[in-house]
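S.K.: Just dropping this structure here.
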Amino acid sequence: MDLGLTGRVALVAAASSGLGLAVARALAAEGADVSISARDPERLARAHEEVDRAGPGRVLSTVVDVTDEAAAAGWVRRTAEELGALHVVVTNSPGVPHGRADAFAVDDYRQAFDGSTLPHVALTLAALPYLRQAGWGRVLMITSEAVRQPLPGTAMSAVARLGVLGFAKGLVHSLGASGVTVNVLAPGVHQTPAFEGFVAAHSQRSGVDRETALKEIAAEVPLGRIGQPADFGALAAFLASRHAGFVTGTVLLVDGGNTRGIG
């Protein structure tokens, strides 16, 4: 299936590894020019090479802390200027600590909002003039399955990510006539570097080796396995495509049924 992304310009935040990198690779493989960012220069350089190998389009990489509003806006501007336009924006942000809802102070929640909610808002607002100018656009916001149902230890994530969900829903009406769609991807456990820390913690807590810990975690997912970043990237690429032009305002769970999203 031709997704119609050849020649489109995509911007993907926090793309040096994990799900962000998977999305950037998938978009590049479909022929898009891709601009990626991350905080770590060395990891970003490695990601640049991976994305460059994935497809024929141009790749632009910029060291950016997406919690810095001015830096994020500068990255958006540089992308549009150097690649000639902007059509697809994939927002992503750092994670938050795990723990019970009553285990954190008000300041902890404030930091979570600043670090995990506002980057989505700032990047999207900076990108909207370019998307409107193009008359065609896709905004994808990567959040967490916690927006559907907070799981044990994900209370803070739910608080921060639900703010992203509210912002995305509000944009749907504002952008409806402009040809720009807005959708939210809510992933569960995927085989990413960040997930390895979760596996290690589970292993230590349960007193089992890594392989056993992986099996135990996978057994809790209805599909019985851990998600693969490449599958997540392919789904994001479809939502960014011309074929998803009538899909907007959705919150798509990508968690193997972990939060039982039916109904």
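Scheme for the structure tokens: letters A, B, ... for chains in order shown; per-chain residue numbers from 1; ligand numbers from 1 in order shown.
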Per residue of range 71-95 of chain A within 10 Å of range 226-250 of chain A, what are the shortest atom pair and its distance in Å to one decimal, counting only C-alpha atoms, with rows by chain and residue number, as JSON lines?
M.R.:
{"residue": "A:His87", "atom": "CA", "partner": "A:Ala240", "partner_atom": "CA", "distance": 8.9}
{"residue": "A:Val88", "atom": "CA", "partner": "A:Ala240", "partner_atom": "CA", "distance": 6.6}
{"residue": "A:Val89", "atom": "CA", "partner": "A:Ala240", "partner_atom": "CA", "distance": 8.8}
{"residue": "A:Val90", "atom": "CA", "partner": "A:Ala236", "partner_atom": "CA", "distance": 8.8}
S.K.: Write the residues you've just listed into a file as a PDB file, in the first residue's frame, and include N, CA and C atoms for each of them.
M.R.:
ATOM      1  N   HIS A  87       4.514  18.756   7.379  1.00  0.00           N
ATOM      2  CA  HIS A  87       3.236  18.093   7.159  1.00  0.00           C
ATOM      3  C   HIS A  87       2.826  17.158   8.302  1.00  0.00           C
ATOM      4  N   VAL A  88       3.798  16.517   8.918  1.00  0.00           N
ATOM      5  CA  VAL A  88       3.509  15.530   9.964  1.00  0.00           C
ATOM      6  C   VAL A  88       4.282  15.890  11.219  1.00  0.00           C
ATOM      7  N   VAL A  89       3.586  15.967  12.343  1.00  0.00           N
ATOM      8  CA  VAL A  89       4.225  16.288  13.617  1.00  0.00           C
ATOM      9  C   VAL A  89       3.910  15.177  14.604  1.00  0.00           C
ATOM     10  N   VAL A  90       4.957  14.554  15.127  1.00  0.00           N
ATOM     11  CA  VAL A  90       4.804  13.488  16.114  1.00  0.00           C
ATOM     12  C   VAL A  90       5.405  13.979  17.423  1.00  0.00           C
TER      13      VAL A  90
END
S.K.: Tell me, which residues of range 92-202 of chain A carry DSSP helix (DSSP H, G or I), written as a ChimeraX atom specification?
M.R.: /A:101-103,106-116,118-134,145-147,155-178,193-202
S.K.: Pick out the residues sitting within 9 Å of range 143-149 of chain A, and hand them over as a count of residues only; count only C-alpha atoms, and ignore anything fewer than 2 positions along from it in its own chain.
M.R.: 31
S.K.: Can you measure CA of Phe167 in chain A to CA of Leu128 in chain A for me? One decimal in Å is fine.
M.R.: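 According to the coordinates, CA of Phe167 in chain A and CA of Leu128 in chain A are separated by 13.5 Å.
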S.K.: With range 54-78 of chain A as the partner and 12 Å as the cut-off, tabulate the residues of range 94-180 of chain A that qualify, each row holding the nearest pair of atoms and their distance in Å to one decimal, using only C-alpha atoms, sorted by chain and rising number, as a tab-separated table.
M.R.:
residue	atom	partner	partner_atom	distance
A:Pro94	CA	A:Val66	CA	8.7
A:Gly95	CA	A:Thr67	CA	11.8
A:Gln111	CA	A:Thr67	CA	10.4
A:Ala112	CA	A:Thr67	CA	10.7
A:Phe113	CA	A:Thr67	CA	10.3
A:Asp114	CA	A:Thr67	CA	7.1
A:Gly115	CA	A:Thr67	CA	5.6
A:Ser116	CA	A:Thr67	CA	8.0
A:Thr117	CA	A:Thr67	CA	9.2
A:Leu118	CA	A:Thr67	CA	7.2
A:Pro119	CA	A:Thr67	CA	5.4
A:His120	CA	A:Val66	CA	8.5
A:Val121	CA	A:Glu69	CA	9.4
A:Ala122	CA	A:Glu69	CA	6.0
A:Leu123	CA	A:Ala72	CA	6.1
A:Thr124	CA	A:Ala73	CA	9.2
A:Leu125	CA	A:Ala73	CA	8.6
A:Ala126	CA	A:Ala73	CA	5.4
A:Ala127	CA	A:Val76	CA	6.3
A:Leu128	CA	A:Val76	CA	10.0
A:Pro129	CA	A:Arg77	CA	10.2
A:Tyr130	CA	A:Arg77	CA	8.8
A:Leu131	CA	A:Val76	CA	11.1
S.K.: Which is closer to Phe195 in chain A than all the others in A:Arg39, A:Ala213, A:Gly7, A:Thr181, using only C-alpha atoms?
M.R.: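 Answer, going by the shortest atom-to-atom distance: A:Ala213.
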S.K.: Need the shell around Val180 in chain A: protein/DNA/RNA residues with any atom at most 8 Å away, counting only C-alpha atoms. Skip same-chain ones fewer than 2 positions apart. Format as a tab-separated table (two decimals) with C-alpha atoms, in the first residue's frame?
M.R.:
chain	number	residue	atom	x	y	z
A	131	LEU	CA	0.52	22.78	8.84
A	132	ARG	CA	-2.22	25.31	8.08
A	135	GLY	CA	-3.36	22.79	3.91
A	136	TRP	CA	-2.66	19.19	4.89
A	137	GLY	CA	-1.31	17.82	8.11
A	138	ARG	CA	-1.15	15.08	10.68
A	139	VAL	CA	-0.52	15.54	14.40
A	175	LEU	CA	-8.38	22.22	12.89
A	176	GLY	CA	-11.25	20.36	11.28
A	177	ALA	CA	-11.61	22.65	8.26
A	178	SER	CA	-7.86	23.01	7.72
A	182	VAL	CA	-5.09	15.03	15.39
S.K.: Which is closer to Ile217 in chain A than all the others in A:Val199, A:Arg205, A:Gly179, A:Gly257, using only C-alpha atoms?
M.R.: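 The shortest atom-to-atom distance to Ile217 in chain A comes from A:Val199.
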S.K.: In range 3-252 of chain A, what's strand (DSSP E or B) per DSSP? Answer as an MDAnalysis selection string?
M.R.: chainID A and resid 9:12 33:38 59:63 88:91 99 137:142 154 180:187 190 227 251:252
S.K.: Please produce a file of those selected residues containing N, CA, C and O atoms, as a compact mmCIF listing (two decimals), in the first residue's frame.
M.R.:
# COMPACT_ATOMS: atom_id res chain seq x y z
N VAL A 9 7.09 16.13 4.76
CA VAL A 9 8.10 16.45 5.77
C VAL A 9 7.52 16.13 7.14
O VAL A 9 6.45 16.64 7.51
N ALA A 10 8.22 15.29 7.88
CA ALA A 10 7.76 14.85 9.19
C ALA A 10 8.75 15.25 10.27
O ALA A 10 9.97 15.18 10.08
N LEU A 11 8.22 15.64 11.40
CA LEU A 11 9.03 16.01 12.57
C LEU A 11 8.68 15.04 13.69
O LEU A 11 7.50 14.87 14.02
N VAL A 12 9.68 14.39 14.26
CA VAL A 12 9.45 13.38 15.30
C VAL A 12 10.29 13.72 16.53
O VAL A 12 11.53 13.74 16.47
N ASP A 33 10.67 12.98 4.21
CA ASP A 33 11.84 13.65 4.79
C ASP A 33 11.56 13.76 6.29
O ASP A 33 10.46 14.16 6.68
N VAL A 34 12.54 13.42 7.12
CA VAL A 34 12.28 13.30 8.55
C VAL A 34 13.25 14.15 9.36
O VAL A 34 14.48 14.07 9.18
N SER A 35 12.69 14.95 10.26
CA SER A 35 13.48 15.74 11.20
C SER A 35 13.30 15.13 12.58
O SER A 35 12.18 14.96 13.06
N ILE A 36 14.41 14.78 13.23
CA ILE A 36 14.34 14.14 14.55
C ILE A 36 15.08 14.97 15.58
O ILE A 36 15.96 15.77 15.25
N SER A 37 14.71 14.77 16.83
CA SER A 37 15.39 15.47 17.92
C SER A 37 15.58 14.54 19.10
O SER A 37 14.89 13.52 19.24
N ALA A 38 16.52 14.90 19.96
CA ALA A 38 16.75 14.21 21.22
C ALA A 38 17.70 15.08 22.05
O ALA A 38 18.26 16.06 21.53
N VAL A 59 17.24 13.60 5.97
CA VAL A 59 17.13 13.47 7.42
C VAL A 59 17.82 14.67 8.07
O VAL A 59 18.95 15.01 7.71
N LEU A 60 17.12 15.28 8.99
CA LEU A 60 17.66 16.41 9.74
C LEU A 60 17.60 16.05 11.22
O LEU A 60 16.58 15.58 11.70
N SER A 61 18.71 16.22 11.93
CA SER A 61 18.71 15.91 13.37
C SER A 61 19.18 17.13 14.15
O SER A 61 20.13 17.81 13.75
N THR A 62 18.50 17.38 15.26
CA THR A 62 18.77 18.56 16.08
C THR A 62 18.73 18.19 17.56
O THR A 62 17.77 17.53 18.01
N VAL A 63 19.76 18.59 18.29
CA VAL A 63 19.76 18.36 19.74
C VAL A 63 18.78 19.33 20.37
O VAL A 63 18.95 20.55 20.30
N VAL A 88 3.80 16.52 8.92
CA VAL A 88 3.51 15.53 9.96
C VAL A 88 4.28 15.89 11.22
O VAL A 88 5.50 16.11 11.16
N VAL A 89 3.59 15.97 12.34
CA VAL A 89 4.22 16.29 13.62
C VAL A 89 3.91 15.18 14.60
O VAL A 89 2.74 14.88 14.89
N VAL A 90 4.96 14.55 15.13
CA VAL A 90 4.80 13.49 16.11
C VAL A 90 5.40 13.98 17.42
O VAL A 90 6.62 14.14 17.53
N THR A 91 4.55 14.26 18.39
CA THR A 91 5.03 14.77 19.67
C THR A 91 5.26 13.62 20.64
O THR A 91 4.56 12.61 20.62
N GLY A 99 4.70 5.08 40.74
CA GLY A 99 4.35 5.09 42.15
C GLY A 99 2.86 5.31 42.36
O GLY A 99 2.12 5.63 41.41
N GLY A 137 -2.21 18.11 7.01
CA GLY A 137 -1.31 17.82 8.11
C GLY A 137 -1.81 16.70 9.00
O GLY A 137 -2.99 16.35 9.00
N ARG A 138 -0.86 16.14 9.73
CA ARG A 138 -1.15 15.08 10.68
C ARG A 138 -0.41 15.40 11.98
O ARG A 138 0.81 15.64 11.98
N VAL A 139 -1.14 15.41 13.08
CA VAL A 139 -0.52 15.54 14.40
C VAL A 139 -0.77 14.24 15.15
O VAL A 139 -1.91 13.82 15.32
N LEU A 140 0.30 13.61 15.57
CA LEU A 140 0.22 12.38 16.37
C LEU A 140 0.91 12.63 17.70
O LEU A 140 2.06 13.07 17.74
N MET A 141 0.21 12.35 18.79
CA MET A 141 0.77 12.55 20.12
C MET A 141 0.94 11.20 20.80
O MET A 141 -0.03 10.44 20.96
N ILE A 142 2.18 10.89 21.18
CA ILE A 142 2.47 9.63 21.85
C ILE A 142 2.33 9.83 23.36
O ILE A 142 3.04 10.64 23.95
N THR A 154 1.09 3.82 37.85
CA THR A 154 1.09 4.77 36.73
C THR A 154 0.17 5.98 36.99
O THR A 154 -0.26 6.64 36.04
N VAL A 180 -6.09 19.25 8.73
CA VAL A 180 -5.13 18.71 9.70
C VAL A 180 -5.87 17.80 10.67
O VAL A 180 -6.84 18.22 11.31
N THR A 181 -5.42 16.56 10.80
CA THR A 181 -6.01 15.63 11.74
C THR A 181 -5.15 15.55 13.00
O THR A 181 -3.95 15.82 12.97
N VAL A 182 -5.78 15.15 14.11
CA VAL A 182 -5.09 15.03 15.39
C VAL A 182 -5.49 13.72 16.04
O VAL A 182 -6.68 13.46 16.27
N ASN A 183 -4.52 12.88 16.33
CA ASN A 183 -4.79 11.60 16.97
C ASN A 183 -3.76 11.31 18.05
O ASN A 183 -2.63 11.82 18.01
N VAL A 184 -4.18 10.51 19.00
CA VAL A 184 -3.33 10.16 20.14
C VAL A 184 -3.04 8.67 20.11
O VAL A 184 -3.95 7.84 19.96
N LEU A 185 -1.79 8.31 20.24
CA LEU A 185 -1.36 6.91 20.36
C LEU A 185 -1.03 6.62 21.81
O LEU A 185 -0.22 7.34 22.42
N ALA A 186 -1.64 5.58 22.36
CA ALA A 186 -1.47 5.27 23.77
C ALA A 186 -0.83 3.88 23.92
O ALA A 186 -1.53 2.87 24.03
N PRO A 187 0.50 3.82 23.89
CA PRO A 187 1.17 2.52 23.92
C PRO A 187 1.25 1.91 25.32
O PRO A 187 1.30 2.61 26.33
N HIS A 190 6.40 -2.05 25.33
CA HIS A 190 7.07 -2.37 24.08
C HIS A 190 8.55 -2.63 24.38
O HIS A 190 9.10 -2.14 25.36
N GLY A 227 5.05 -5.75 23.01
CA GLY A 227 4.95 -5.08 21.72
C GLY A 227 6.30 -4.80 21.10
O GLY A 227 7.30 -4.61 21.80
N VAL A 251 -8.23 8.12 20.20
CA VAL A 251 -7.20 7.71 21.14
C VAL A 251 -7.03 6.21 20.92
O VAL A 251 -7.90 5.41 21.28
N LEU A 252 -5.94 5.86 20.29
CA LEU A 252 -5.75 4.47 19.87
C LEU A 252 -4.83 3.74 20.84
O LEU A 252 -3.65 4.05 20.95
S.K.: Quick one: distance from CA of Ala32 in chain A to CA of Ser17 in chain A in Å, one decimal?
M.R.: 18.8 Å
S.K.: Nearest to Ala103 in chain A: which of A:Leu171, A:Gly153, A:Pro193, A:Pro222 is it, counting only C-alpha atoms?
M.R.: A:Gly153
